[in-house]
Amino acid sequence: MSDDKRAAIPHGLQEAGGLTDGIARQLSRESGVPEADIYGVGSFFHLLARPSAKIRVCTGLSCVMSGANEVLEAAKKAGLPCEATSCLAGCDLPPAVLRDRRVLPSVSIADVERTGGDWEQLDSSAIAPGEEWRGFVGPERTNPDELALDLLGPDDKSGKSFQRAVELGANGVIEAIESSGLQGRGGAGFPAHIKWRGVQGQSETKRYVVLNADEGEPGTFKDREVMLRRPYLMLEGLAIAAHAIGASEVYLYLRGEFEVPWGIVERAIADVTERGIYGDLQFHMHAGQGAYICGEETALLEALEGKRGMPRLKPPFPVEVGLWGKPTLIHNVETIACVPSIVARGGDWFRELGRAEAGTKLYCISGHVKQPGTYELPLGITLDELLEVAGGVIGKLKAFSPGGASSGFLPASKRDLPLDFKSLGSVGSMLGSSGVVVLNDTVDMKWAALEQLRFFEAESCGQCAPCRIGTRYLREATEDNLDHGAAGGTTARGLAHVADVAWQMNEGSICGLGQAAPLPLTSALQYFPEDFQS
Amino acid sequence: MTNSIGEIRDADVLFVIGSNTSEAHPIIAMEMKRAVKRGATLIVADPRAVWMTTIAEKHLQLKPGTDVWLLNAMAHVIIEEGLTDDAFIAENTEGFDAVRERVKSYTPEEAEKVTGIAADDIRFAARKYATTEKAGIYYTLGITEHTHGTDNVYALANLVLMTGHLGKPSSGMNPLRGQNNVQGANDAGATPVFYPGYQHVTDPEAQAKYEAAWGVELSPEPGLDLNVMMKEVGKSIFGLFVMGEDILLSEPNVKKLEEGMNRCEFLVLQDAFMNETARFADVIFPASVFAEKEGVFTNSERRVQRIRKAVEPPGQARADWEILTSLANACGADWSYSGADEIYDEIAKHAPSFAGISHARIDSEVHRGKTGIQWPCPTPEHPGTVYLHENGVMRGKGLFSAVDYRPSNELPDEEYGLFLSTGRTLYHYNCATQTRRESGLDEKQPENFIEIHPRDAKKRGISTDDRVEVSTRRGAVEVRAIVSRQVRPGCTWMPLHFAESRANLLTNDAGDAVTNTAEYKVCAAEVKRIAAKDSETPRFPGTYYSVTGPN
Amino acid sequence: MIQETQIRINGEKHSFRPGETILDVAGRAGVEIPTLCHDPRLKPAGACRTCLVEVEGQRKLLPACATPATTDMAVVSESERVDRHRKTLLALYATDHPSNREASERGAPDELLDMIENYRAPTDWGAMASVRANRHDDRNPYIHFEPDTCILCARCTRYCDEVEAVSAITLAGRGSETTISTVDGLSLLDTSCEMCGGCIDVCPTGAMGEKMPLTRGDKPERELEKVRSTCNFCGVGCQVDLNVDREADDGAGRIVKVTSPPTGTTTNDGNLCVKGRFAYDFVHHPDRLKVPLVRGADGEFYETSWEDALQKAAAGLQGVSERHGKNGLGFVSSSRCTVEENYLVQKLSRAVFGTNNVHQCAAT
């Protein structure tokens, strides 16, 4: 049985309409992949495991604050085959609802009631029929020369940055990346050039570039906008990376809910391939099947190989042992999209765009804010500066998440902290994917923490005990507190062991999910203890 | 086995021929699977798509009984392409020239016509085997249970010798023993030509040694082997002592044997269970099973290991060695053994290969991390022998034997249009006197079946789960049909475990010219549908896996 | 020149071979590091997290089972941090595991409960409800799965894939609802499972257990006596431990189950097949012959004494020998019996009856 056959399993299950009785056996006969393995894969991914749920309502924090639970209730009442789901990367247009594989923005109760119970009829009245939807992007395009991604600018299809990269040669490109100070924009902020050099230095000559477009961190939707608006910029970044590290194949892993971006990227790939502007470079697209954990790079590799998306032990890191065991360069969409302008304008130019750290950054902002959207701003602005361009807070600022659910919560008093990797790290939070969620003083932080804990429990892969048991433990403990107050309830444990559990999850978990999962609760307890006393 | 089981995991090429390893030797199969996972190349030659073919690099699906053609053609390729180990041949062997001449006409293209295996696949197997240092051959009864079984073994040995794949780790010639103590029974002298330790009965020195040891006169005349003995029952053999065997289930062409048994005058049976043979017995001794007595078994890799008494035998049943001692004494002998350890000491005293082995040593010593001692083990200080022929071939020079293909004794014809082979399944064991008393195994595989290719089934109007009658010139039995691509077109296969529909009523008792081993693996048969399936519930006899093959 | 390769564990130097993990070296050095998901036959998973240790220069604790030893690596396996890690991890495990030893150890011993005791982990963090799915209607005769005691170490699924290579079971679902399942939750009988029972052997908590002893209500494994023996089926010669209830059957003893000796100590390396592990019912089967039998003049069998049976057998065989000559007798020995017994049969044939007509059924 070849690697290809196993890799094709998730797609095969999707084509077959998801994991229903008998499908795994049938695919096994066709592929030679053991039937239990296929079942294990199908049952792992939400989109495959419960194929009958055609309507999925996002219950991420921003969507719930915009009435997602009420929309879900209405959908149930209307008889739609529906369920709650994790963040759909549509926090700027809440509540987001998934119809089969298509995200619909700003779905209202009226939209749901109009279906008459036929899920296929569900549409958002926020978008005109036939129109491709996009989110809001700011600030106004006053000076494109200070924008590395320039989402509102024209999407250059010429490939001239790639030509420049060919002139610079592999080392020239990597030197530019190094001097630019580019840090990974997927969450970890790891210096990009170290990965590039890492792959370049391997003795194995078969290498891969992998694009992580599995955007799922609650509060984050910037990669979606890059794909919707600048697909050619992203492909050019991938082509430059492949050229620099000596890869002939690029894998693009888009989350399965990105049906709209998928079509746009697919068309752009067809175009650049037909025009041959990147030589023989091959692009392969792979659809995620509903698993936040696959945004973790090694879980993503497992999923690409057609396995359950469970993170690998690190070391070894993907630069040494990546896709099918080969050296692999994995980057987030935004990181890759920074590359063409770095090559075209030079590393110094890029570095100077930021403040303490390099470059511009796509900040997502949602929640209690007047103009939610994606804003390209210098890396290191403060929340106040961001709020200013986004029209300000609705109501009185109480707390914010600077970088998705994994960053926990910060109180309003931290509003003048630079939103960069180092500053946020120093207060026990993180910039992460820079999905900023704003909460006003109507929000009970215990409730907000619980919503985030539910998310992590639903998305834990289940491989390692600290995360598998810990996420459930913390959610139950917080519910206990919510139901019975500080004294604890029927389980008589309340929040007494939260510190130990959080410590264990942080020390013991294999990957970042389990390590970060306690943060919403511990930070809420730290900054808003009064919310847990009621 | 010239190698040990533990060496399999380190092999780089495994050439498995005539062995359904995962069903007949599951634990050896695990070692092979481990080697394959590590990157070893597995080549399986078998008329049937046995489970191991699902992880094999190549499956050489030969027509039944054409092994010599395949093996000679492989030798042809190895010689033609200069892949022989000439230094090894010169130093350690004799008779190569005759083989070189003989295999000249066995070209892969001609072999393809006879065996049905593509010439390129034969070349692939030959090259891979010859050019890989750690390349081992593994075989079982698919090689030996033929009228030309000895030829098959010689042809295999030729490959081993011409490539020098001997006397090295993970590289040798490895027959996998079918029964727990086949090796040990032969070692102990339960053979018509050898005293214990392979000392020939015609050798005057050996005869003198045992005459002195046992204090009696001994016959220098070789005895009859089992196949001949069974044919002579009622002709020259009129009394039988049978211990732990159900000859009426296990021997080929049993109808003929039953006729002979009617003329047999006296039969003593010693067994733990009633069986088919008991119908002819005059006296039956209730014996014990392995868990009720002390002793040793010797496995395929010559490892002598202990069995220990865990529970008491039921009723008045006794350990076999106690019964044998009593019987000998009832016949006038004067045996006095206090235990199995003392019997072993007597074996070791007169057989140099085992001289260093004793129960006490096995109980107390661990060699290379494992218990048990592998013979040859000439002295109490010797650690045992992991693989044979380390310092050149054991009998002096390895002897090449030029062999020619001879067709099987009985081939399909107009009347009996199909090949029939028999064998074992994972879930039962031989006559199944033990495994069919195990409710779980019986649930997994409750009844006999025959595998038939879809093309042949269609011709005969047979569907899976239909009741069919399988007949040969010797008899007929009724079984359930499994339409399966595991068998080649024109071939059928059935297990031998089921007393109520005995495969050995069908099999051919024609014996190999040298060993007299019967041709259980090839005979001509016909299959006829007699009733439709009795239930819509599919049953899963045999191993469950999907096979793609010719339509 | 051979590079001197050494690693420090808790300050002491130990040499190592290339490819060895921290756990391998620690094991040889007698340094105790707890493990639950480790098995030497399997590729390291690092999933149970019990073996995490401090490695100098590394921010995170690393799994000893999966981390290769490297030159000059400094490992700390006993420290305040590691101790807190073990205690809090095991305390978490305890919230998701039955605490009642009697109930959870009806079959095999539970290594997790032992470990919780050994490391004095808190057990008062509360108990969570069970969420892992069972396969209630699995009608297979041998293998029982108890999801409540499962800790998802995946030894069973990895064994099924990496050693037995049939991949009949898998991790299914995800998060806290992850369980061990077959395809579509079918009975093992209807899958590629070959019933080797390796999943039972590798399970550290007894979540995978033997069905029959549980159904029969046999004594738990802790109370059984293990007798090392050799399997009586094929020619591989697997070593087995017969687990005997010494008091059963009025003191005759009864084999309750068969387990494999530890991996690395015998030819079978801790593995067994379906016959070796499960096919022992025949030993205590009611069909066993218990009394000597002789055929009467009417052709029926009659029970008799040993003395009588032996006399009649001796007379019968001697009679044939006198009437038809020494070679009128044939002795069929058995490759199922011991070396010693085969020796006695050929000695009986040769020394007592003077014929070499002795063989055994080696061909089937």
# chains A, B, ... in the order shown; residues from 1 in each chain; ligands from 1
$ closest_atom_pairs --of "chain A" --to "chain C" --cutoff "8 Å" --atoms "only C-alpha atoms" --output "JSON lines"
{"residue": "A:Asp21", "atom": "CA", "partner": "C:Asp184", "partner_atom": "CA", "distance": 6.0}
{"residue": "A:Gly22", "atom": "CA", "partner": "C:Asp184", "partner_atom": "CA", "distance": 7.2}
{"residue": "A:Ala24", "atom": "CA", "partner": "C:Val183", "partner_atom": "CA", "distance": 7.0}
{"residue": "A:Arg25", "atom": "CA", "partner": "C:Val183", "partner_atom": "CA", "distance": 7.5}
{"residue": "A:Pro34", "atom": "CA", "partner": "C:Ser167", "partner_atom": "CA", "distance": 6.2}
{"residue": "A:Glu35", "atom": "CA", "partner": "C:Val183", "partner_atom": "CA", "distance": 6.0}
{"residue": "A:Ala36", "atom": "CA", "partner": "C:Val183", "partner_atom": "CA", "distance": 4.5}
{"residue": "A:Asp37", "atom": "CA", "partner": "C:Thr170", "partner_atom": "CA", "distance": 6.1}
{"residue": "A:Ile38", "atom": "CA", "partner": "C:Val183", "partner_atom": "CA", "distance": 7.8}
{"residue": "A:Tyr39", "atom": "CA", "partner": "C:Val183", "partner_atom": "CA", "distance": 5.4}
{"residue": "A:Gly40", "atom": "CA", "partner": "C:Ala172", "partner_atom": "CA", "distance": 4.6}
{"residue": "A:Val41", "atom": "CA", "partner": "C:Ala172", "partner_atom": "CA", "distance": 7.5}
{"residue": "A:Ser43", "atom": "CA", "partner": "C:Gly173", "partner_atom": "CA", "distance": 4.7}
{"residue": "A:Phe44", "atom": "CA", "partner": "C:Gly173", "partner_atom": "CA", "distance": 4.8}
{"residue": "A:Phe45", "atom": "CA", "partner": "C:Gly173", "partner_atom": "CA", "distance": 8.0}
{"residue": "A:Ala49", "atom": "CA", "partner": "C:Gly173", "partner_atom": "CA", "distance": 8.0}
{"residue": "A:Leu313", "atom": "CA", "partner": "C:Gly46", "partner_atom": "CA", "distance": 7.1}
{"residue": "A:Glu457", "atom": "CA", "partner": "C:Gly175", "partner_atom": "CA", "distance": 6.6}
{"residue": "A:Ala458", "atom": "CA", "partner": "C:Gly175", "partner_atom": "CA", "distance": 6.4}
{"residue": "A:Glu459", "atom": "CA", "partner": "C:Gly175", "partner_atom": "CA", "distance": 6.5}
{"residue": "A:Ser460", "atom": "CA", "partner": "C:Gly175", "partner_atom": "CA", "distance": 4.6}
{"residue": "A:Cys461", "atom": "CA", "partner": "C:Gly175", "partner_atom": "CA", "distance": 4.6}
{"residue": "A:Gly462", "atom": "CA", "partner": "C:Gly175", "partner_atom": "CA", "distance": 3.8}
{"residue": "A:Gln463", "atom": "CA", "partner": "C:Ala47", "partner_atom": "CA", "distance": 6.1}
{"residue": "A:Cys464", "atom": "CA", "partner": "C:Ala47", "partner_atom": "CA", "distance": 4.7}
{"residue": "A:Ala465", "atom": "CA", "partner": "C:Cys48", "partner_atom": "CA", "distance": 6.0}
{"residue": "A:Pro466", "atom": "CA", "partner": "C:Leu89", "partner_atom": "CA", "distance": 6.5}
{"residue": "A:Arg468", "atom": "CA", "partner": "C:Ser176", "partner_atom": "CA", "distance": 5.1}
{"residue": "A:Ile469", "atom": "CA", "partner": "C:Ser176", "partner_atom": "CA", "distance": 6.4}
{"residue": "A:Gly470", "atom": "CA", "partner": "C:Leu92", "partner_atom": "CA", "distance": 7.0}
{"residue": "A:Arg472", "atom": "CA", "partner": "C:Ser176", "partner_atom": "CA", "distance": 6.9}
{"residue": "A:Tyr473", "atom": "CA", "partner": "C:Met128", "partner_atom": "CA", "distance": 7.6}
{"residue": "A:Thr491", "atom": "CA", "partner": "C:Gly126", "partner_atom": "CA", "distance": 6.5}
{"residue": "A:Ala492", "atom": "CA", "partner": "C:Gly126", "partner_atom": "CA", "distance": 7.5}
{"residue": "A:Arg493", "atom": "CA", "partner": "C:Gly126", "partner_atom": "CA", "distance": 6.2}
{"residue": "A:His497", "atom": "CA", "partner": "C:Trp125", "partner_atom": "CA", "distance": 7.0}
{"residue": "A:Asp500", "atom": "CA", "partner": "C:Thr88", "partner_atom": "CA", "distance": 6.5}
{"residue": "A:Val501", "atom": "CA", "partner": "C:Thr88", "partner_atom": "CA", "distance": 6.8}
{"residue": "A:Gln504", "atom": "CA", "partner": "C:Thr88", "partner_atom": "CA", "distance": 6.0}
{"residue": "A:Glu507", "atom": "CA", "partner": "C:Lys60", "partner_atom": "CA", "distance": 6.8}
{"residue": "A:Gly508", "atom": "CA", "partner": "C:Arg49", "partner_atom": "CA", "distance": 6.3}
{"residue": "A:Ser509", "atom": "CA", "partner": "C:Arg49", "partner_atom": "CA", "distance": 7.7}
{"residue": "A:Ile510", "atom": "CA", "partner": "C:Ala47", "partner_atom": "CA", "distance": 7.6}
$ write_last_selection --atoms "N, CA and C atoms" --output "short mmCIF file (atom, residue, chain, number, x, y, z; two decimals), in the first residue's frame"
data_model
loop_
_atom_site.label_atom_id
_atom_site.label_comp_id
_atom_site.auth_asym_id
_atom_site.auth_seq_id
_atom_site.Cartn_x
_atom_site.Cartn_y
_atom_site.Cartn_z
N ASP A 21 -21.83 3.55 8.20
CA ASP A 21 -21.54 2.12 8.31
C ASP A 21 -21.17 1.52 6.96
N GLY A 22 -20.09 0.78 6.95
CA GLY A 22 -19.72 0.06 5.73
C GLY A 22 -18.75 0.82 4.83
N ALA A 24 -15.94 2.47 5.58
CA ALA A 24 -14.52 2.20 5.86
C ALA A 24 -14.10 0.88 5.23
N ARG A 25 -14.98 -0.11 5.34
CA ARG A 25 -14.65 -1.41 4.75
C ARG A 25 -14.53 -1.30 3.24
N PRO A 34 -5.84 -0.56 6.04
CA PRO A 34 -6.67 -1.33 6.97
C PRO A 34 -7.95 -0.59 7.34
N GLU A 35 -9.05 -1.34 7.39
CA GLU A 35 -10.35 -0.70 7.58
C GLU A 35 -10.46 -0.01 8.94
N ALA A 36 -9.83 -0.58 9.95
CA ALA A 36 -9.89 0.06 11.26
C ALA A 36 -9.17 1.41 11.23
N ASP A 37 -8.08 1.48 10.49
CA ASP A 37 -7.37 2.76 10.37
C ASP A 37 -8.27 3.82 9.73
N ILE A 38 -9.00 3.40 8.71
CA ILE A 38 -9.89 4.34 8.03
C ILE A 38 -10.99 4.80 8.99
N TYR A 39 -11.50 3.84 9.75
CA TYR A 39 -12.52 4.19 10.74
C TYR A 39 -11.95 5.16 11.78
N GLY A 40 -10.72 4.88 12.22
CA GLY A 40 -10.07 5.75 13.20
C GLY A 40 -9.92 7.16 12.69
N VAL A 41 -9.58 7.29 11.42
CA VAL A 41 -9.42 8.61 10.82
C VAL A 41 -10.78 9.30 10.69
N SER A 43 -13.49 8.84 12.33
CA SER A 43 -14.12 9.19 13.60
C SER A 43 -13.39 10.34 14.30
N PHE A 44 -12.20 10.67 13.83
CA PHE A 44 -11.41 11.73 14.46
C PHE A 44 -11.90 13.11 14.04
N PHE A 45 -12.24 13.24 12.75
CA PHE A 45 -12.54 14.55 12.20
C PHE A 45 -14.04 14.83 12.24
N ALA A 49 -17.01 12.54 10.91
CA ALA A 49 -17.56 11.65 11.93
C ALA A 49 -19.07 11.76 12.04
N LEU A 313 5.73 13.78 18.57
CA LEU A 313 6.68 14.22 19.60
C LEU A 313 7.75 15.06 18.92
N GLU A 457 -11.74 21.44 25.10
CA GLU A 457 -12.11 20.04 25.35
C GLU A 457 -12.60 19.40 24.06
N ALA A 458 -13.39 20.14 23.29
CA ALA A 458 -13.92 19.58 22.05
C ALA A 458 -12.82 19.33 21.03
N GLU A 459 -11.76 20.12 21.12
CA GLU A 459 -10.73 20.04 20.09
C GLU A 459 -9.47 19.28 20.52
N SER A 460 -9.40 18.89 21.79
CA SER A 460 -8.26 18.06 22.24
C SER A 460 -8.23 16.79 21.41
N CYS A 461 -7.06 16.37 20.97
CA CYS A 461 -7.00 15.18 20.13
C CYS A 461 -7.17 13.91 20.94
N GLY A 462 -6.87 13.98 22.24
CA GLY A 462 -7.05 12.82 23.09
C GLY A 462 -5.85 11.93 23.22
N GLN A 463 -4.75 12.31 22.57
CA GLN A 463 -3.58 11.43 22.59
C GLN A 463 -2.91 11.36 23.95
N CYS A 464 -2.63 12.54 24.56
CA CYS A 464 -1.89 12.50 25.83
C CYS A 464 -2.82 12.82 27.00
N ALA A 465 -2.54 12.18 28.11
CA ALA A 465 -3.42 12.25 29.26
C ALA A 465 -3.61 13.65 29.83
N PRO A 466 -2.55 14.46 29.98
CA PRO A 466 -2.76 15.76 30.62
C PRO A 466 -3.81 16.58 29.91
N ARG A 468 -6.07 15.41 27.49
CA ARG A 468 -7.33 14.68 27.34
C ARG A 468 -8.16 14.76 28.62
N ILE A 469 -7.49 14.49 29.74
CA ILE A 469 -8.22 14.49 31.01
C ILE A 469 -8.34 15.91 31.56
N GLY A 470 -7.26 16.68 31.40
CA GLY A 470 -7.22 18.03 31.98
C GLY A 470 -8.28 18.96 31.41
N ARG A 472 -11.11 18.24 30.18
CA ARG A 472 -12.43 17.85 30.69
C ARG A 472 -12.56 18.23 32.16
N TYR A 473 -11.49 18.02 32.90
CA TYR A 473 -11.50 18.31 34.33
C TYR A 473 -11.78 19.79 34.57
N THR A 491 -19.82 17.70 43.17
CA THR A 491 -18.57 16.97 43.08
C THR A 491 -17.59 17.39 44.17
N ALA A 492 -17.97 18.45 44.88
CA ALA A 492 -17.21 18.89 46.05
C ALA A 492 -15.74 19.13 45.75
N ARG A 493 -15.45 19.54 44.54
CA ARG A 493 -14.05 19.85 44.30
C ARG A 493 -13.87 21.28 43.83
N HIS A 497 -8.24 22.50 42.68
CA HIS A 497 -7.03 21.91 42.11
C HIS A 497 -6.65 22.50 40.76
N ASP A 500 -2.89 23.14 40.12
CA ASP A 500 -2.11 21.91 39.88
C ASP A 500 -2.41 21.32 38.51
N VAL A 501 -3.68 21.30 38.15
CA VAL A 501 -4.06 20.73 36.86
C VAL A 501 -3.44 21.56 35.73
N GLN A 504 0.18 20.92 35.45
CA GLN A 504 0.42 19.62 34.82
C GLN A 504 0.18 19.67 33.32
N GLU A 507 3.09 21.44 31.76
CA GLU A 507 4.34 20.66 31.78
C GLU A 507 4.22 19.39 30.96
N GLY A 508 3.04 18.76 31.05
CA GLY A 508 2.95 17.38 30.58
C GLY A 508 2.42 17.18 29.18
N SER A 509 1.71 18.17 28.64
CA SER A 509 1.06 17.95 27.35
C SER A 509 2.09 17.87 26.22
N ILE A 510 1.75 17.10 25.22
CA ILE A 510 2.65 16.93 24.08
C ILE A 510 2.75 18.21 23.25
#
$ residues_around --residues "Gly276 of chain C" --least-positions-apart "6" --cutoff "8 Å" --atoms "only C-alpha atoms" --output "list of chain:residue names"
C:Cys231, C:Asn232, C:Phe233, C:Cys238, C:Val240, C:Val258
$ write_last_selection --atoms "N, CA and C atoms" --output "mmCIF file, in the first residue's frame"
data_model
loop_
_atom_site.group_PDB
_atom_site.id
_atom_site.type_symbol
_atom_site.label_atom_id
_atom_site.label_comp_id
_atom_site.auth_asym_id
_atom_site.auth_seq_id
_atom_site.Cartn_x
_atom_site.Cartn_y
_atom_site.Cartn_z
ATOM 1 N N CYS C 231 4.443 -24.251 24.710
ATOM 2 C CA CYS C 231 3.166 -24.442 24.016
ATOM 3 C C CYS C 231 3.171 -25.781 23.304
ATOM 4 N N ASN C 232 2.010 -26.435 23.268
ATOM 5 C CA ASN C 232 1.988 -27.785 22.681
ATOM 6 C C ASN C 232 1.439 -27.816 21.263
ATOM 7 N N PHE C 233 1.379 -26.660 20.595
ATOM 8 C CA PHE C 233 0.866 -26.701 19.222
ATOM 9 C C PHE C 233 2.010 -26.737 18.195
ATOM 10 N N CYS C 238 6.862 -21.707 21.569
ATOM 11 C CA CYS C 238 6.641 -20.542 22.423
ATOM 12 C C CYS C 238 6.616 -20.951 23.887
ATOM 13 N N VAL C 240 5.157 -20.437 27.510
ATOM 14 C CA VAL C 240 3.888 -19.943 28.043
ATOM 15 C C VAL C 240 3.921 -20.039 29.558
ATOM 16 N N VAL C 258 -3.703 -18.559 30.123
ATOM 17 C CA VAL C 258 -2.318 -18.698 29.683
ATOM 18 C C VAL C 258 -1.799 -17.306 29.340
#
$ residues_around --residues "segment 356-361 of chain B" --least-positions-apart "3" --cutoff "6 Å" --atoms "only C-alpha atoms" --output "list in words"
Asp341, Ser364, Glu365, Cys377, Pro378, Thr379 and Pro380 of chain B
$ write_last_selection --atoms "C-alpha atoms" --output "tab-separated table (two decimals), in the first residue's frame"
chain	number	residue	atom	x	y	z
B	341	ASP	CA	14.97	-35.91	33.74
B	364	SER	CA	18.79	-22.77	35.45
B	365	GLU	CA	20.54	-21.23	32.45
B	377	CYS	CA	25.52	-29.00	22.48
B	378	PRO	CA	28.33	-31.50	23.03
B	379	THR	CA	29.42	-30.61	26.57
B	380	PRO	CA	27.87	-29.26	29.78
$ atom_distance --atom1 "atom CA of Leu441 of chain B" --atom2 "atom CA of Met195 of chain C"
9.3 Å
$ interface_residues --of "chain A" --to "chain B" --cutoff "12 Å" --atoms "only C-alpha atoms" --output "PDB file with N, CA and C atoms, in the first residue's frame"
ATOM      1  N   MET A   1       0.838  -1.195   0.000  1.00  0.00           N
ATOM      2  CA  MET A   1       0.000   0.000   0.000  1.00  0.00           C
ATOM      3  C   MET A   1       0.880   1.255   0.000  1.00  0.00           C
ATOM      4  N   SER A   2       0.557   2.159  -0.863  1.00  0.00           N
ATOM      5  CA  SER A   2       1.427   3.320  -0.975  1.00  0.00           C
ATOM      6  C   SER A   2       0.979   4.438  -0.048  1.00  0.00           C
ATOM      7  N   ARG A  25     -14.984  -0.105   5.338  1.00  0.00           N
ATOM      8  CA  ARG A  25     -14.654  -1.409   4.754  1.00  0.00           C
ATOM      9  C   ARG A  25     -14.528  -1.302   3.240  1.00  0.00           C
ATOM     10  N   GLN A  26     -15.451  -0.563   2.645  1.00  0.00           N
ATOM     11  CA  GLN A  26     -15.422  -0.407   1.190  1.00  0.00           C
ATOM     12  C   GLN A  26     -14.142   0.307   0.738  1.00  0.00           C
ATOM     13  N   LEU A  27     -13.798   1.399   1.428  1.00  0.00           N
ATOM     14  CA  LEU A  27     -12.573   2.113   1.052  1.00  0.00           C
ATOM     15  C   LEU A  27     -11.336   1.261   1.289  1.00  0.00           C
ATOM     16  N   SER A  28     -11.396   0.433   2.310  1.00  0.00           N
ATOM     17  CA  SER A  28     -10.265  -0.453   2.603  1.00  0.00           C
ATOM     18  C   SER A  28     -10.031  -1.425   1.455  1.00  0.00           C
ATOM     19  N   ARG A  29     -11.120  -1.981   0.946  1.00  0.00           N
ATOM     20  CA  ARG A  29     -10.992  -2.929  -0.169  1.00  0.00           C
ATOM     21  C   ARG A  29     -10.367  -2.249  -1.375  1.00  0.00           C
ATOM     22  N   GLU A  30     -10.743  -0.972  -1.577  1.00  0.00           N
ATOM     23  CA  GLU A  30     -10.240  -0.267  -2.751  1.00  0.00           C
ATOM     24  C   GLU A  30      -8.789   0.182  -2.587  1.00  0.00           C
ATOM     25  N   SER A  31      -8.416   0.507  -1.354  1.00  0.00           N
ATOM     26  CA  SER A  31      -7.122   1.160  -1.147  1.00  0.00           C
ATOM     27  C   SER A  31      -6.068   0.251  -0.532  1.00  0.00           C
ATOM     28  N   GLY A  32      -6.502  -0.811   0.146  1.00  0.00           N
ATOM     29  CA  GLY A  32      -5.536  -1.631   0.878  1.00  0.00           C
ATOM     30  C   GLY A  32      -5.184  -1.068   2.244  1.00  0.00           C
ATOM     31  N   VAL A  33      -5.696   0.109   2.577  1.00  0.00           N
ATOM     32  CA  VAL A  33      -5.471   0.659   3.918  1.00  0.00           C
ATOM     33  C   VAL A  33      -6.373  -0.107   4.890  1.00  0.00           C
ATOM     34  N   PRO A  34      -5.835  -0.561   6.042  1.00  0.00           N
ATOM     35  CA  PRO A  34      -6.668  -1.329   6.974  1.00  0.00           C
ATOM     36  C   PRO A  34      -7.953  -0.591   7.336  1.00  0.00           C
ATOM     37  N   GLU A  35      -9.050  -1.338   7.387  1.00  0.00           N
ATOM     38  CA  GLU A  35     -10.351  -0.704   7.582  1.00  0.00           C
ATOM     39  C   GLU A  35     -10.461  -0.014   8.935  1.00  0.00           C
TER      40      GLU A  35
END
$ select_by_dssp --residues "segment 402-443 of chain A" --states "strand (DSSP E or B)" --output "list in words"
Leu410, Pro411, Pro418, Gly435, Val436, Val437, Val438, Leu439 and Asn440 of chain A
$ residues_around --residues "Gly315 of chain B" --least-positions-apart "4" --cutoff "10 Å" --atoms "only C-alpha atoms" --output "number ranges by chain"
B: 286; C: 288-292
$ write_last_selection --atoms "N, CA, C and O atoms" --output "short mmCIF file (atom, residue, chain, number, x, y, z; two decimals), in the first residue's frame"
data_model
loop_
_atom_site.label_atom_id
_atom_site.label_comp_id
_atom_site.auth_asym_id
_atom_site.auth_seq_id
_atom_site.Cartn_x
_atom_site.Cartn_y
_atom_site.Cartn_z
N PRO B 286 -5.34 -44.31 29.13
CA PRO B 286 -5.63 -42.88 29.29
C PRO B 286 -4.33 -42.12 29.60
O PRO B 286 -3.71 -42.35 30.64
N ARG C 288 -12.01 -36.11 28.28
CA ARG C 288 -10.71 -36.74 28.54
C ARG C 288 -10.89 -38.21 28.96
O ARG C 288 -11.81 -38.56 29.72
N LEU C 289 -10.00 -39.06 28.50
CA LEU C 289 -9.98 -40.45 28.94
C LEU C 289 -9.44 -40.49 30.36
O LEU C 289 -8.39 -39.90 30.65
N LYS C 290 -10.17 -41.18 31.25
CA LYS C 290 -9.76 -41.15 32.66
C LYS C 290 -9.43 -42.53 33.21
O LYS C 290 -8.84 -42.65 34.28
N VAL C 291 -9.86 -43.59 32.49
CA VAL C 291 -9.70 -44.94 32.99
C VAL C 291 -9.22 -45.83 31.84
O VAL C 291 -9.64 -45.65 30.70
N PRO C 292 -8.34 -46.80 32.10
CA PRO C 292 -7.93 -47.72 31.03
C PRO C 292 -9.14 -48.50 30.51
O PRO C 292 -10.03 -48.85 31.28
#
